[in-house]
>>> print(open('input38.cif').read())   # mmCIF, C-alpha atoms and all ligand atoms
data_coords
#
loop_
_atom_site.group_PDB
_atom_site.id
_atom_site.type_symbol
_atom_site.label_atom_id
_atom_site.label_comp_id
_atom_site.auth_asym_id
_atom_site.auth_seq_id
_atom_site.Cartn_x
_atom_site.Cartn_y
_atom_site.Cartn_z
ATOM 1 C CA MET A 1 0.000 0.000 0.000
ATOM 2 C CA LYS A 2 1.425 3.366 -0.921
ATOM 3 C CA PRO A 3 1.647 6.050 1.761
ATOM 4 C CA PRO A 4 -1.037 8.769 1.718
ATOM 5 C CA SER A 5 -0.249 11.736 -0.491
ATOM 6 C CA SER A 6 0.324 15.218 0.953
ATOM 7 C CA LEU A 7 -3.125 16.148 -0.267
ATOM 8 C CA ASP A 8 -4.703 13.227 1.598
ATOM 9 C CA LEU A 9 -2.834 14.203 4.746
ATOM 10 C CA LEU A 10 -4.014 17.820 4.445
ATOM 11 C CA ILE A 11 -7.646 16.805 3.925
ATOM 12 C CA ASP A 12 -7.437 14.416 6.825
ATOM 13 C CA ALA A 13 -5.967 17.155 9.057
ATOM 14 C CA LEU A 14 -8.668 19.663 8.087
ATOM 15 C CA ARG A 15 -11.341 17.128 9.022
ATOM 16 C CA ARG A 16 -10.268 17.506 12.631
ATOM 17 C CA LEU A 17 -11.943 20.908 12.753
ATOM 18 C CA PRO A 18 -15.413 20.837 14.330
ATOM 19 C CA GLY A 19 -18.233 20.559 11.810
ATOM 20 C CA VAL A 20 -15.935 19.807 8.879
ATOM 21 C CA GLY A 21 -16.826 16.669 6.938
ATOM 22 C CA PRO A 22 -14.908 15.014 4.080
ATOM 23 C CA LYS A 23 -16.458 17.192 1.380
ATOM 24 C CA SER A 24 -15.748 20.535 3.043
ATOM 25 C CA ALA A 25 -12.264 19.397 4.037
ATOM 26 C CA GLN A 26 -11.582 18.635 0.396
ATOM 27 C CA ARG A 27 -12.978 22.021 -0.663
ATOM 28 C CA MET A 28 -10.802 23.826 1.889
ATOM 29 C CA ALA A 29 -7.693 21.954 0.785
ATOM 30 C CA TYR A 30 -8.293 22.739 -2.896
ATOM 31 C CA HIS A 31 -9.060 26.354 -2.082
ATOM 32 C CA LEU A 32 -5.833 26.815 -0.143
ATOM 33 C CA LEU A 33 -3.678 25.117 -2.748
ATOM 34 C CA GLN A 34 -5.319 26.785 -5.715
ATOM 35 C CA HIS A 35 -6.047 30.290 -4.515
ATOM 36 C CA ASP A 36 -4.241 31.018 -1.275
ATOM 37 C CA ARG A 37 -0.924 29.280 -0.889
ATOM 38 C CA GLU A 38 0.414 32.186 1.153
ATOM 39 C CA GLY A 39 -2.571 31.936 3.493
ATOM 40 C CA ALA A 40 -1.998 28.202 3.771
ATOM 41 C CA ALA A 41 1.627 28.766 4.790
ATOM 42 C CA ARG A 42 0.539 31.339 7.368
ATOM 43 C CA LEU A 43 -2.049 28.963 8.744
ATOM 44 C CA GLY A 44 0.600 26.294 9.092
ATOM 45 C CA THR A 45 3.007 28.614 10.890
ATOM 46 C CA ALA A 46 0.317 30.021 13.167
ATOM 47 C CA LEU A 47 -0.819 26.528 14.147
ATOM 48 C CA THR A 48 2.699 25.338 14.876
ATOM 49 C CA GLN A 49 3.437 28.463 16.901
ATOM 50 C CA ALA A 50 0.180 28.254 18.870
ATOM 51 C CA VAL A 51 0.626 24.591 19.678
ATOM 52 C CA THR A 52 4.221 25.169 20.761
ATOM 53 C CA ARG A 53 3.687 28.306 22.844
ATOM 54 C CA ILE A 54 0.198 28.185 24.273
ATOM 55 C CA ARG A 55 -0.328 26.309 27.503
ATOM 56 C CA ARG A 56 -2.712 26.371 30.457
ATOM 57 C CA CYS A 57 -2.542 29.028 33.181
ATOM 58 C CA ALA A 58 -1.264 27.420 36.374
ATOM 59 C CA LEU A 59 -4.075 29.029 38.378
ATOM 60 C CA CYS A 60 -7.177 29.281 36.214
ATOM 61 C CA ASN A 61 -6.542 26.718 33.472
ATOM 62 C CA THR A 62 -7.189 29.141 30.592
ATOM 63 C CA PHE A 63 -4.882 29.492 27.605
ATOM 64 C CA THR A 64 -1.763 31.572 28.104
ATOM 65 C CA GLU A 65 1.793 31.842 26.844
ATOM 66 C CA ASP A 66 3.112 32.479 30.349
ATOM 67 C CA GLU A 67 3.013 30.648 33.665
ATOM 68 C CA LEU A 68 0.026 32.807 34.665
ATOM 69 C CA CYS A 69 -2.530 34.513 32.437
ATOM 70 C CA ALA A 70 -2.898 38.309 32.563
ATOM 71 C CA THR A 71 -6.018 38.110 34.758
ATOM 72 C CA CYS A 72 -4.452 35.837 37.378
ATOM 73 C CA ALA A 73 -1.245 37.886 37.337
ATOM 74 C CA SER A 74 -3.088 41.180 37.861
ATOM 75 C CA GLU A 75 -2.817 42.769 41.305
ATOM 76 C CA LYS A 76 -6.101 44.569 40.818
ATOM 77 C CA ARG A 77 -8.258 41.444 41.054
ATOM 78 C CA GLU A 78 -10.052 40.330 44.231
ATOM 79 C CA ARG A 79 -8.451 37.031 45.118
ATOM 80 C CA ASN A 80 -11.222 35.806 47.419
ATOM 81 C CA LEU A 81 -13.773 35.457 44.588
ATOM 82 C CA LEU A 82 -13.561 32.653 42.075
ATOM 83 C CA CYS A 83 -15.895 32.433 39.097
ATOM 84 C CA VAL A 84 -16.175 29.045 37.362
ATOM 85 C CA VAL A 85 -16.896 29.145 33.623
ATOM 86 C CA GLU A 86 -16.984 26.500 30.902
ATOM 87 C CA THR A 87 -14.851 28.205 28.266
ATOM 88 C CA PRO A 88 -12.511 31.167 27.679
ATOM 89 C CA ALA A 89 -15.323 32.683 25.545
ATOM 90 C CA ASP A 90 -17.651 32.621 28.563
ATOM 91 C CA GLN A 91 -14.942 34.238 30.680
ATOM 92 C CA LEU A 92 -14.638 36.990 28.102
ATOM 93 C CA MET A 93 -18.398 37.603 28.237
ATOM 94 C CA ILE A 94 -18.284 38.058 32.010
ATOM 95 C CA GLU A 95 -15.228 40.286 31.737
ATOM 96 C CA GLN A 96 -17.102 42.521 29.314
ATOM 97 C CA THR A 97 -19.823 43.198 31.884
ATOM 98 C CA LEU A 98 -17.208 44.894 34.125
ATOM 99 C CA THR A 99 -19.169 43.673 37.166
ATOM 100 C CA PHE A 100 -16.786 40.982 38.295
ATOM 101 C CA ARG A 101 -13.369 41.803 39.730
ATOM 102 C CA GLY A 102 -12.454 38.397 41.100
ATOM 103 C CA LEU A 103 -10.540 35.541 39.490
ATOM 104 C CA TYR A 104 -11.690 32.677 37.305
ATOM 105 C CA PHE A 105 -11.390 28.976 36.825
ATOM 106 C CA VAL A 106 -11.972 27.790 33.262
ATOM 107 C CA LEU A 107 -13.189 24.196 33.054
ATOM 108 C CA MET A 108 -12.613 23.885 29.297
ATOM 109 C CA GLY A 109 -15.787 21.845 29.045
ATOM 110 C CA ARG A 110 -18.770 20.604 31.009
ATOM 111 C CA LEU A 111 -19.895 17.313 32.449
ATOM 112 C CA SER A 112 -21.612 15.288 29.771
ATOM 113 C CA PRO A 113 -22.028 11.583 30.568
ATOM 114 C CA ILE A 114 -23.536 10.933 27.108
ATOM 115 C CA ASP A 115 -20.300 12.106 25.497
ATOM 116 C CA GLY A 116 -18.223 10.321 28.099
ATOM 117 C CA ILE A 117 -17.049 13.561 29.723
ATOM 118 C CA GLY A 118 -16.626 13.062 33.447
ATOM 119 C CA PRO A 119 -15.164 15.072 36.356
ATOM 120 C CA LYS A 120 -11.570 14.213 35.417
ATOM 121 C CA ASP A 121 -12.037 15.531 31.869
ATOM 122 C CA ILE A 122 -12.957 19.008 33.074
ATOM 123 C CA ASN A 123 -10.210 19.432 35.622
ATOM 124 C CA LEU A 124 -12.366 19.257 38.744
ATOM 125 C CA ASP A 125 -9.479 17.993 40.862
ATOM 126 C CA ARG A 126 -7.558 21.115 39.976
ATOM 127 C CA LEU A 127 -10.574 23.299 40.701
ATOM 128 C CA ALA A 128 -11.031 21.720 44.135
ATOM 129 C CA GLN A 129 -7.380 22.346 44.896
ATOM 130 C CA ARG A 130 -7.497 25.882 43.533
ATOM 131 C CA ALA A 131 -10.600 26.806 45.535
ATOM 132 C CA SER A 132 -9.046 25.426 48.726
ATOM 133 C CA ASP A 133 -6.124 27.857 48.775
ATOM 134 C CA GLY A 134 -7.430 29.490 51.967
ATOM 135 C CA ILE A 135 -7.939 32.838 50.234
ATOM 136 C CA VAL A 136 -10.944 32.019 48.054
ATOM 137 C CA ASN A 137 -14.107 32.299 50.149
ATOM 138 C CA GLU A 138 -16.815 32.392 47.492
ATOM 139 C CA VAL A 139 -17.116 30.407 44.288
ATOM 140 C CA ILE A 140 -19.575 31.672 41.699
ATOM 141 C CA LEU A 141 -20.820 28.982 39.317
ATOM 142 C CA ALA A 142 -21.219 30.573 35.900
ATOM 143 C CA THR A 143 -21.636 27.490 33.769
ATOM 144 C CA ASN A 144 -24.273 27.727 31.060
ATOM 145 C CA PHE A 145 -27.979 27.279 31.742
ATOM 146 C CA THR A 146 -28.152 24.190 29.556
ATOM 147 C CA ASN A 147 -28.872 20.747 31.058
ATOM 148 C CA GLU A 148 -25.182 19.876 31.089
ATOM 149 C CA GLY A 149 -24.204 23.287 32.458
ATOM 150 C CA GLU A 150 -26.744 22.961 35.275
ATOM 151 C CA ALA A 151 -25.601 19.427 36.092
ATOM 152 C CA THR A 152 -21.989 20.624 36.122
ATOM 153 C CA ALA A 153 -22.853 23.521 38.451
ATOM 154 C CA HIS A 154 -24.705 21.157 40.781
ATOM 155 C CA TYR A 155 -21.833 18.687 40.892
ATOM 156 C CA ILE A 156 -19.229 21.379 41.557
ATOM 157 C CA GLY A 157 -21.477 23.067 44.115
ATOM 158 C CA GLU A 158 -21.788 19.871 46.149
ATOM 159 C CA MET A 159 -18.073 19.178 45.817
ATOM 160 C CA LEU A 160 -17.065 22.613 47.087
ATOM 161 C CA LYS A 161 -19.669 22.908 49.829
ATOM 162 C CA THR A 162 -18.272 19.806 51.495
ATOM 163 C CA ARG A 163 -15.013 21.740 51.640
ATOM 164 C CA GLY A 164 -16.726 24.541 53.556
ATOM 165 C CA LEU A 165 -16.796 27.060 50.719
ATOM 166 C CA LYS A 166 -19.585 29.500 50.002
ATOM 167 C CA VAL A 167 -21.018 28.652 46.600
ATOM 168 C CA SER A 168 -23.340 30.791 44.499
ATOM 169 C CA ARG A 169 -24.929 30.447 41.091
ATOM 170 C CA LEU A 170 -25.566 33.125 38.501
ATOM 171 C CA ALA A 171 -29.103 34.462 38.838
ATOM 172 C CA ARG A 172 -31.751 33.422 36.381
ATOM 173 C CA GLY A 173 -31.473 36.528 34.241
ATOM 174 C CA VAL A 174 -29.864 34.228 31.727
ATOM 175 C CA PRO A 175 -32.609 32.347 29.838
ATOM 176 C CA VAL A 176 -33.138 28.611 30.404
ATOM 177 C CA GLY A 177 -31.000 26.687 27.954
ATOM 178 C CA GLY A 178 -28.923 29.840 27.515
ATOM 179 C CA GLU A 179 -25.245 29.842 26.674
ATOM 180 C CA LEU A 180 -23.411 32.826 28.109
ATOM 181 C CA GLU A 181 -21.549 33.382 24.897
ATOM 182 C CA TYR A 182 -24.785 34.439 23.217
ATOM 183 C CA VAL A 183 -26.349 36.492 25.993
ATOM 184 C CA ASP A 184 -25.990 40.277 26.101
ATOM 185 C CA ALA A 185 -23.598 41.863 28.592
ATOM 186 C CA GLY A 186 -26.342 43.714 30.518
ATOM 187 C CA THR A 187 -28.184 40.477 31.291
ATOM 188 C CA ILE A 188 -25.005 38.754 32.421
ATOM 189 C CA ALA A 189 -24.041 41.742 34.570
ATOM 190 C CA GLN A 190 -27.393 41.526 36.355
ATOM 191 C CA ALA A 191 -27.038 37.766 36.749
ATOM 192 C CA VAL A 192 -23.658 38.235 38.439
ATOM 193 C CA LEU A 193 -24.980 40.909 40.804
ATOM 194 C CA ASP A 194 -28.119 38.897 41.644
ATOM 195 C CA ARG A 195 -26.283 35.605 42.108
ATOM 196 C CA ARG A 196 -27.891 33.345 44.644
ATOM 197 C CA SER A 197 -26.582 30.846 47.116
ATOM 198 C CA ALA A 198 -26.252 27.408 45.533
HETATM 199 ZN ZN ZN A 201 -5.164 32.458 34.859
#
>>> encode(input="input38.cif", output="structure tokens")
Amino acid sequence: MKPPSSLDLLIDALRRLPGVGPKSAQRMAYHLLQHDREGAARLGTALTQAVTRIRRCALCNTFTEDELCATCASEKRERNLLCVVETPADQLMIEQTLTFRGLYFVLMGRLSPIDGIGPKDINLDRLAQRASDGIVNEVILATNFTNEGEATAHYIGEMLKTRGLKVSRLARGVPVGGELEYVDAGTIAQAVLDRRSA
């Protein structure tokens, strides 16, 4: 059997992107090779650089090129408040409301038994350790208001309460089934201010 051609390898690599099937991967590959070879080279370099340089923040688990991300390294943040979000995009949404001055923990996912995603897959051991630093005294659960987000919040809430931490959940300003990423900043700001004990 002859080894796969460079074109096959490229198409196969593009298929790793979410929502990209064989047909679109093939279209993308042809497009890059035919019309945008410079763009293709840039994409390659950017990917290599990102994969080499970007790692997880030692405190909050988000993406960073340094030991600590800019938020965790900032002296202006309140270190007793920890807000738990599913993704860096959700963190950004809460940042944009300007209502929260504490620190974050980014799960990089949510519990989803159907997809085989359990506590270990979303770094809950690290969260438990992080929240038990003796400085954090309130953890705000800002996972999405989807079924999985709610289940994740419940699980984390129980886990942290047994460690004696105060746990709160974003108020219900965010619609049921709502993903923070798609909710307007004003609504999220209100949900942070009106957070309730979990
Ligand atoms: Zn950080």
>>> resolve_selection(input="input38.cif", expression="the PyMOL selection byres (((not hetatm)) within 6 of (chain A and resi 201))", output="list in words")
Cys57, Leu59, Cys60, Thr62, Leu68, Cys69, Thr71 and Cys72 of chain A
>>> residues_around(input="input38.cif", residues="Leu111 of chain A", least_positions_apart="4", cutoff="6 Å", atoms="all atoms listed in the file", output="mmCIF file with C-alpha atoms, keeping the file's coordinate frame")
data_model
loop_
_atom_site.group_PDB
_atom_site.id
_atom_site.type_symbol
_atom_site.label_atom_id
_atom_site.label_comp_id
_atom_site.auth_asym_id
_atom_site.auth_seq_id
_atom_site.Cartn_x
_atom_site.Cartn_y
_atom_site.Cartn_z
ATOM 1 C CA ILE A 117 -17.049 13.561 29.723
ATOM 2 C CA GLY A 118 -16.626 13.062 33.447
ATOM 3 C CA THR A 152 -21.989 20.624 36.122
#
>>> closest_residue(input="input38.cif", among="A:Ala151, A:Gln91, A:Tyr104, A:Gly44", to="Ala73 of chain A", atoms="all atoms listed in the file")
A:Tyr104
>>> atom_distance(input="input38.cif", atom1="atom CA of Ala29 of chain A", atom2="atom CA of Leu14 of chain A")
7.7 Å
>>> resolve_selection(input="input38.cif", expression="the PyMOL selection byres (((chain A and resi 184) around 10) and not hetatm)", output="list of chain:residue names")
A:Met93, A:Ile94, A:Gln96, A:Thr97, A:Val174, A:Leu180, A:Glu181, A:Tyr182, A:Val183, A:Ala185, A:Gly186, A:Thr187, A:Ile188, A:Ala189
>>> write_last_selection(input="input38.cif", atoms="C-alpha atoms", output="PDB file, in the coordinates of the input")
ATOM      1  CA  MET A  93     -18.398  37.603  28.237  1.00  0.00           C
ATOM      2  CA  ILE A  94     -18.284  38.058  32.010  1.00  0.00           C
ATOM      3  CA  GLN A  96     -17.102  42.521  29.314  1.00  0.00           C
ATOM      4  CA  THR A  97     -19.823  43.198  31.884  1.00  0.00           C
ATOM      5  CA  VAL A 174     -29.864  34.228  31.727  1.00  0.00           C
ATOM      6  CA  LEU A 180     -23.411  32.826  28.109  1.00  0.00           C
ATOM      7  CA  GLU A 181     -21.549  33.382  24.897  1.00  0.00           C
ATOM      8  CA  TYR A 182     -24.785  34.439  23.217  1.00  0.00           C
ATOM      9  CA  VAL A 183     -26.349  36.492  25.993  1.00  0.00           C
ATOM     10  CA  ALA A 185     -23.598  41.863  28.592  1.00  0.00           C
ATOM     11  CA  GLY A 186     -26.342  43.714  30.518  1.00  0.00           C
ATOM     12  CA  THR A 187     -28.184  40.477  31.291  1.00  0.00           C
ATOM     13  CA  ILE A 188     -25.005  38.754  32.421  1.00  0.00           C
ATOM     14  CA  ALA A 189     -24.041  41.742  34.570  1.00  0.00           C
TER      15      ALA A 189
END
>>> closest_residue(input="input38.cif", among="A:Gly164, A:Gly109, A:Gly157, A:Ser132", to="Asn144 of chain A", atoms="only C-alpha atoms")
A:Gly109
>>> resolve_selection(input="input38.cif", expression="the PyMOL selection byres (((chain A and resi 85) around 9) and not hetatm)", output="list in words")
Cys83, Val84, Glu86, Thr87, Pro88, Ala89, Asp90, Gln91, Tyr104, Phe105, Val106, Leu107, Met108, Gly109, Ile140, Leu141, Ala142, Thr143 and Asn144 of chain A
>>> write_last_selection(input="input38.cif", atoms="C-alpha atoms", output="PDB file, in the coordinates of the input")
ATOM      1  CA  CYS A  83     -15.895  32.433  39.097  1.00  0.00           C
ATOM      2  CA  VAL A  84     -16.175  29.045  37.362  1.00  0.00           C
ATOM      3  CA  GLU A  86     -16.984  26.500  30.902  1.00  0.00           C
ATOM      4  CA  THR A  87     -14.851  28.205  28.266  1.00  0.00           C
ATOM      5  CA  PRO A  88     -12.511  31.167  27.679  1.00  0.00           C
ATOM      6  CA  ALA A  89     -15.323  32.683  25.545  1.00  0.00           C
ATOM      7  CA  ASP A  90     -17.651  32.621  28.563  1.00  0.00           C
ATOM      8  CA  GLN A  91     -14.942  34.238  30.680  1.00  0.00           C
ATOM      9  CA  TYR A 104     -11.690  32.677  37.305  1.00  0.00           C
ATOM     10  CA  PHE A 105     -11.390  28.976  36.825  1.00  0.00           C
ATOM     11  CA  VAL A 106     -11.972  27.790  33.262  1.00  0.00           C
ATOM     12  CA  LEU A 107     -13.189  24.196  33.054  1.00  0.00           C
ATOM     13  CA  MET A 108     -12.613  23.885  29.297  1.00  0.00           C
ATOM     14  CA  GLY A 109     -15.787  21.845  29.045  1.00  0.00           C
ATOM     15  CA  ILE A 140     -19.575  31.672  41.699  1.00  0.00           C
ATOM     16  CA  LEU A 141     -20.820  28.982  39.317  1.00  0.00           C
ATOM     17  CA  ALA A 142     -21.219  30.573  35.900  1.00  0.00           C
ATOM     18  CA  THR A 143     -21.636  27.490  33.769  1.00  0.00           C
ATOM     19  CA  ASN A 144     -24.273  27.727  31.060  1.00  0.00           C
TER      20      ASN A 144
END
>>> closest_residue(input="input38.cif", among="A:Arg16, A:His35, A:Arg77, A:Lys120", to="Phe100 of chain A", atoms="only C-alpha atoms")
A:Arg77
>>> residues_around(input="input38.cif", residues="Leu82 of chain A", least_positions_apart="5", cutoff="6 Å", atoms="all atoms listed in the file", output="number ranges by chain")
A: 102-104, 139
>>> closest_residue(input="input38.cif", among="A:Ala40, A:Ile114, A:Leu7, A:Leu193", to="Arg101 of chain A", atoms="all atoms listed in the file")
A:Leu193
>>> atom_distance(input="input38.cif", atom1="atom CA of Ala171 of chain A", atom2="atom CA of Asp194 of chain A")
5.3 Å
>>> residues_around(input="input38.cif", residues="Asn80 of chain A", least_positions_apart="4", cutoff="7 Å", atoms="only C-alpha atoms", output="ChimeraX atom specification")
/A:102,135-138
>>> closest_residue(input="input38.cif", among="A:Arg56, A:Arg110, A:Arg27, A:Lys76", to="Thr146 of chain A", atoms="all atoms listed in the file")
A:Arg110
>>> axis_aligned_box(input="input38.cif", around="segment 15-27 of chain A", padding_each_side="8 Å", output="AutoDock Vina command-line options")
--center_x -14.3 --center_y 18.5 --center_z 6.8 --size_x 24.0 --size_y 23.0 --size_z 31.0
